[in-house]
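Engineer: Please read through the structure below; I'll follow up with questions.
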Amino acid sequence: MYRPRRESDSPPPPNSYTGDFTPNRISIIAQNAARSGDSFAEASRTLPPLMIGMGGRRLPPFRLQPAPPRDPYTNLVSVHPDFDGETDVNRKPFLGDQVERVAPERLERIFAVRFGPDGILRGRGNRPFQSSTGTAAFGQDPRAIFVMDSQGRIYATNHPAPGEFHHSSLGNDVPVAAAGELSVSNGRINFITAASGHYRPQRIHMLNVKLELERQGILDVPIYDHKGPAGGNVLYVTGLD
Amino acid sequence: MSTAYSAEMEHLVYSLFSAPGLTREAAVGLAKTIRGGRYFPGGPDRYTDAIEQALARPDSITAAMRPPYSEAEVRGFFGLVHAELQRTEHRT
């Protein structure tokens, strides 16, 4: 089920209000806010207007700069140390093979998948993403592999190759917020699994992808453990607590 | 493990991270995928030989990647896969 994003779903914008702020005054307001439990904005209203010198000249309004954007997902997971040597053709695992790493520009150009305003997951060329050409090593329904970064950006491919292209190729040696498999039909996600031998995501990491899908208005998507729907347990369903 | 087909065996062990379980049904599915040749490159004979060699040796199959199953479970499972590959050898 798709629910359009509402304004109320978004977090409040970063501090961008104006006021009489000097470093000393900011410090006083922050202390008052800490004492009273009020927000910084609330506490700033309790101080009288700033007066300078005998003339009582007000300082021009000072605009507080918005804080730099922070990564929304901070519970990240790195590639399991068992795979430390995989990019070296002379080291195990995958001795004789070399597992690829995808540079950021290529990652964005080829493997990025994004939800449109209609709730459809789209990939390269803005086409609805499909996992029908993905892998199904055990005869299950085909799936794509994916990783989600700390910003909630999802990268996926239907063409992993043992010893050559894995989740770690998409992750490019950067810790990820989630990893696993996607089953997608015409851009609609059927289910997600936590199957990734490289990242071995825990429940807390799959919560990241649940929150991201919910932020995008994508509801009723079951998220399974590494065994998937045939033999595994449902960890979460988007839209449900 | 230092068999001539250790890479093939690693490919197979790695696939266990997305297995729905180590059941006979999963073994049949994996054997079918190996026979298909799209995901596991190099042809089914290489994988059949790799399993045969790995099961014949006392070396751990699971030590390099530590899949979410015990050594005994994995050996049992690849025994089923091997049997299925042999059973379907002349059907492709």
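Each chain of the structure tokens is named A, B, ... in the order shown, its residues numbered from 1; ligands are numbered from 1 in display order.
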What's around Val28 in chain B at 10 Å? Count only C-alpha atoms, leave out sequence neighbours fewer than 4 positions away in its own chain, and write the answer as number ranges by chain.
Structural biologist: A: 138-139; B: 23-24, 32-34, 80-85, 88
Engineer: Create the file for the chosen residues now, containing N, CA and C atoms and written as a PDB file, in the first residue's frame.
Structural biologist:
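Heads up, here's the output in again-v1.pdb:
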```
ATOM      1  N   PHE A 138      18.290 -20.896  -4.665  1.00  0.00           N
ATOM      2  CA  PHE A 138      17.630 -22.064  -4.086  1.00  0.00           C
ATOM      3  C   PHE A 138      16.254 -22.299  -4.700  1.00  0.00           C
ATOM      4  N   GLY A 139      16.057 -21.762  -5.884  1.00  0.00           N
ATOM      5  CA  GLY A 139      14.795 -21.991  -6.575  1.00  0.00           C
ATOM      6  C   GLY A 139      13.660 -21.124  -6.066  1.00  0.00           C
TER       7      GLY A 139
ATOM      8  N   THR B  23      17.284 -27.714   3.779  1.00  0.00           N
ATOM      9  CA  THR B  23      16.334 -28.798   3.566  1.00  0.00           C
ATOM     10  C   THR B  23      16.624 -29.518   2.244  1.00  0.00           C
ATOM     11  N   ARG B  24      15.959 -30.650   2.058  1.00  0.00           N
ATOM     12  CA  ARG B  24      16.103 -31.364   0.783  1.00  0.00           C
ATOM     13  C   ARG B  24      15.595 -30.502  -0.370  1.00  0.00           C
ATOM     14  N   LYS B  32      19.593 -27.377  -9.046  1.00  0.00           N
ATOM     15  CA  LYS B  32      18.981 -26.901 -10.295  1.00  0.00           C
ATOM     16  C   LYS B  32      19.666 -25.608 -10.759  1.00  0.00           C
ATOM     17  N   THR B  33      19.945 -24.729  -9.796  1.00  0.00           N
ATOM     18  CA  THR B  33      20.620 -23.468 -10.142  1.00  0.00           C
ATOM     19  C   THR B  33      22.038 -23.732 -10.654  1.00  0.00           C
ATOM     20  N   ILE B  34      22.728 -24.672 -10.021  1.00  0.00           N
ATOM     21  CA  ILE B  34      24.079 -25.025 -10.489  1.00  0.00           C
ATOM     22  C   ILE B  34      24.000 -25.549 -11.921  1.00  0.00           C
ATOM     23  N   LEU B  80      23.407 -33.775   0.126  1.00  0.00           N
ATOM     24  CA  LEU B  80      22.127 -33.815  -0.611  1.00  0.00           C
ATOM     25  C   LEU B  80      22.257 -33.150  -1.986  1.00  0.00           C
ATOM     26  N   VAL B  81      22.975 -32.029  -2.011  1.00  0.00           N
ATOM     27  CA  VAL B  81      23.158 -31.312  -3.287  1.00  0.00           C
ATOM     28  C   VAL B  81      23.936 -32.189  -4.265  1.00  0.00           C
ATOM     29  N   HIS B  82      24.974 -32.835  -3.748  1.00  0.00           N
ATOM     30  CA  HIS B  82      25.795 -33.706  -4.598  1.00  0.00           C
ATOM     31  C   HIS B  82      24.962 -34.851  -5.172  1.00  0.00           C
ATOM     32  N   ALA B  83      24.164 -35.449  -4.306  1.00  0.00           N
ATOM     33  CA  ALA B  83      23.311 -36.561  -4.757  1.00  0.00           C
ATOM     34  C   ALA B  83      22.349 -36.084  -5.835  1.00  0.00           C
ATOM     35  N   GLU B  84      21.803 -34.888  -5.646  1.00  0.00           N
ATOM     36  CA  GLU B  84      20.852 -34.347  -6.621  1.00  0.00           C
ATOM     37  C   GLU B  84      21.557 -34.030  -7.945  1.00  0.00           C
ATOM     38  N   LEU B  85      22.786 -33.509  -7.849  1.00  0.00           N
ATOM     39  CA  LEU B  85      23.542 -33.216  -9.078  1.00  0.00           C
ATOM     40  C   LEU B  85      23.827 -34.505  -9.841  1.00  0.00           C
ATOM     41  N   THR B  88      20.647 -35.926 -11.495  1.00  0.00           N
ATOM     42  CA  THR B  88      20.155 -35.198 -12.667  1.00  0.00           C
ATOM     43  C   THR B  88      21.247 -35.001 -13.733  1.00  0.00           C
TER      44      THR B  88
END
```
Engineer: Identify all chain A residues at most 7 Å from chain B by counting only C-alpha atoms; ligands do not count. Present them as number ranges by chain.
Structural biologist: A: 82, 93-95, 137-139, 161-163, 195-197, 226-228, 230-232
Engineer: For the residues in that selection, give me N, CA and C atoms as a compact mmCIF listing (two decimals), in the first residue's frame.
Structural biologist:
```
# COMPACT_ATOMS: atom_id res chain seq x y z
N ASP A 82 35.66 -11.61 7.81
CA ASP A 82 35.98 -12.81 7.02
C ASP A 82 36.28 -12.47 5.57
N PRO A 93 38.84 -14.88 1.27
CA PRO A 93 38.07 -15.87 0.52
C PRO A 93 38.03 -15.51 -0.97
N PHE A 94 37.47 -16.39 -1.73
CA PHE A 94 37.39 -16.25 -3.18
C PHE A 94 38.79 -16.16 -3.79
N LEU A 95 39.67 -17.02 -3.32
CA LEU A 95 41.03 -17.12 -3.86
C LEU A 95 40.94 -17.34 -5.37
N ALA A 137 19.17 -18.64 -5.99
CA ALA A 137 20.07 -19.81 -5.91
C ALA A 137 19.37 -21.06 -5.42
N PHE A 138 18.29 -20.90 -4.67
CA PHE A 138 17.63 -22.06 -4.09
C PHE A 138 16.25 -22.30 -4.70
N GLY A 139 16.06 -21.76 -5.88
CA GLY A 139 14.80 -21.99 -6.57
C GLY A 139 13.66 -21.12 -6.07
N ALA A 161 27.61 -11.82 -8.66
CA ALA A 161 28.35 -12.97 -9.20
C ALA A 161 29.31 -13.47 -8.13
N PRO A 162 29.26 -14.75 -7.82
CA PRO A 162 30.11 -15.26 -6.74
C PRO A 162 31.58 -14.96 -6.98
N GLY A 163 32.21 -14.37 -5.99
CA GLY A 163 33.64 -14.07 -6.08
C GLY A 163 33.95 -12.82 -6.89
N ALA A 195 19.34 -11.08 3.94
CA ALA A 195 20.36 -12.03 3.48
C ALA A 195 21.54 -11.29 2.85
N SER A 196 22.60 -11.19 3.61
CA SER A 196 23.87 -10.67 3.09
C SER A 196 24.99 -11.30 3.88
N GLY A 197 25.72 -12.19 3.23
CA GLY A 197 26.84 -12.84 3.91
C GLY A 197 27.95 -11.85 4.24
N HIS A 226 17.46 -13.48 7.31
CA HIS A 226 18.26 -13.93 6.16
C HIS A 226 17.65 -15.12 5.42
N LYS A 227 16.72 -15.83 6.05
CA LYS A 227 16.14 -16.99 5.37
C LYS A 227 15.02 -16.61 4.40
N GLY A 228 14.50 -15.40 4.52
CA GLY A 228 13.46 -14.96 3.60
C GLY A 228 12.12 -15.60 3.87
N ALA A 230 10.48 -18.11 2.66
CA ALA A 230 10.26 -19.56 2.62
C ALA A 230 10.55 -20.24 3.97
N GLY A 231 11.54 -19.74 4.68
CA GLY A 231 11.87 -20.42 5.94
C GLY A 231 12.17 -19.50 7.09
N GLY A 232 12.03 -18.20 6.86
CA GLY A 232 12.48 -17.25 7.87
C GLY A 232 11.36 -16.61 8.67
```
Engineer: Hey, which of A:Asp38, A:Asp173, A:Asp141, A:Glu100 ends up closest to Val77 in chain A? Count only C-alpha atoms.
Structural biologist: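 The answer is A:Asp173, which sits nearest to Val77 in chain A.
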Engineer: What is the CA of Val209 in chain A to CA of Ser132 in chain A distance in Å?
Structural biologist: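 CA of Val209 in chain A sits 21.3 Å away from CA of Ser132 in chain A.
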Engineer: Based on the backbone DSSP call, show me all residues of range 90-240 of chain A assigned helix (DSSP H, G or I), as a PyMOL selection string.
Structural biologist: chain A and resi 104-111+124-126+167-171+203-215+228-231
Engineer: What does the file look like for those residues with C-alpha atoms, as a PDB file, in the first residue's frame?
Structural biologist:
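And here's result.pdb as it stands now:
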```
ATOM      1  CA  PRO A 104      30.595   6.505  -6.070  1.00  0.00           C
ATOM      2  CA  GLU A 105      29.941   8.094  -9.459  1.00  0.00           C
ATOM      3  CA  ARG A 106      29.267   4.726 -11.113  1.00  0.00           C
ATOM      4  CA  LEU A 107      27.279   3.568  -8.108  1.00  0.00           C
ATOM      5  CA  GLU A 108      24.955   6.554  -8.470  1.00  0.00           C
ATOM      6  CA  ARG A 109      24.701   6.264 -12.246  1.00  0.00           C
ATOM      7  CA  ILE A 110      24.060   2.535 -12.546  1.00  0.00           C
ATOM      8  CA  PHE A 111      22.913   1.070  -9.261  1.00  0.00           C
ATOM      9  CA  ARG A 124      18.406   3.276 -14.282  1.00  0.00           C
ATOM     10  CA  GLY A 125      16.674   5.397 -16.934  1.00  0.00           C
ATOM     11  CA  ASN A 126      13.903   6.119 -14.412  1.00  0.00           C
ATOM     12  CA  HIS A 167      26.914  -6.543  -1.473  1.00  0.00           C
ATOM     13  CA  SER A 168      30.409  -5.330  -0.623  1.00  0.00           C
ATOM     14  CA  SER A 169      30.785  -4.123  -4.228  1.00  0.00           C
ATOM     15  CA  LEU A 170      27.812  -1.792  -3.736  1.00  0.00           C
ATOM     16  CA  GLY A 171      28.949  -0.829  -0.233  1.00  0.00           C
ATOM     17  CA  ARG A 203      17.560  -6.515  13.392  1.00  0.00           C
ATOM     18  CA  ILE A 204      18.623  -2.952  14.265  1.00  0.00           C
ATOM     19  CA  HIS A 205      20.018  -2.455  10.751  1.00  0.00           C
ATOM     20  CA  MET A 206      16.863  -3.737   9.081  1.00  0.00           C
ATOM     21  CA  LEU A 207      14.963  -1.235  11.231  1.00  0.00           C
ATOM     22  CA  ASN A 208      16.814   1.457   9.259  1.00  0.00           C
ATOM     23  CA  VAL A 209      15.327   0.267   5.969  1.00  0.00           C
ATOM     24  CA  LYS A 210      11.888  -0.023   7.565  1.00  0.00           C
ATOM     25  CA  LEU A 211      12.101   3.607   8.722  1.00  0.00           C
ATOM     26  CA  GLU A 212      13.332   4.771   5.329  1.00  0.00           C
ATOM     27  CA  LEU A 213      10.496   3.038   3.486  1.00  0.00           C
ATOM     28  CA  GLU A 214       7.990   4.501   5.926  1.00  0.00           C
ATOM     29  CA  ARG A 215       9.520   7.956   5.410  1.00  0.00           C
ATOM     30  CA  GLY A 228      13.461 -14.960   3.596  1.00  0.00           C
ATOM     31  CA  PRO A 229       9.777 -15.829   3.257  1.00  0.00           C
ATOM     32  CA  ALA A 230      10.264 -19.563   2.621  1.00  0.00           C
ATOM     33  CA  GLY A 231      11.867 -20.421   5.939  1.00  0.00           C
TER      34      GLY A 231
END
```
Engineer: Nearest to Asp225 in chain A: which of A:Ser78, A:Thr193, A:Gln98, A:Ser27 is it, counting only C-alpha atoms?
Structural biologist: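 Looking at the shortest contact to Asp225 in chain A, the residue is A:Thr193.
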Engineer: Please provide the set of residues having any atom within 12 Å of Gly116 in chain A, restricted to only C-alpha atoms, with same-chain residues fewer than 4 positions apart removed, written as an MDAnalysis selection string.
Structural biologist: chainID A and resid 2 4:5 120:123 126:129 187:188 213 216:218
Engineer: Figure out the distance between CA of Asn75 in chain A and CA of Ala177 in chain A, please, to one decimal in Å.
Structural biologist: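 For CA of Ala177 in chain A relative to CA of Asn75 in chain A, the distance reads 6.3 Å.
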Engineer: Could you tell me how far CA of Pro72 in chain A lies from CA of Ile154 in chain A, in Å and to one decimal?
Structural biologist: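 Going from CA of Pro72 in chain A over to CA of Ile154 in chain A covers 13.6 Å.
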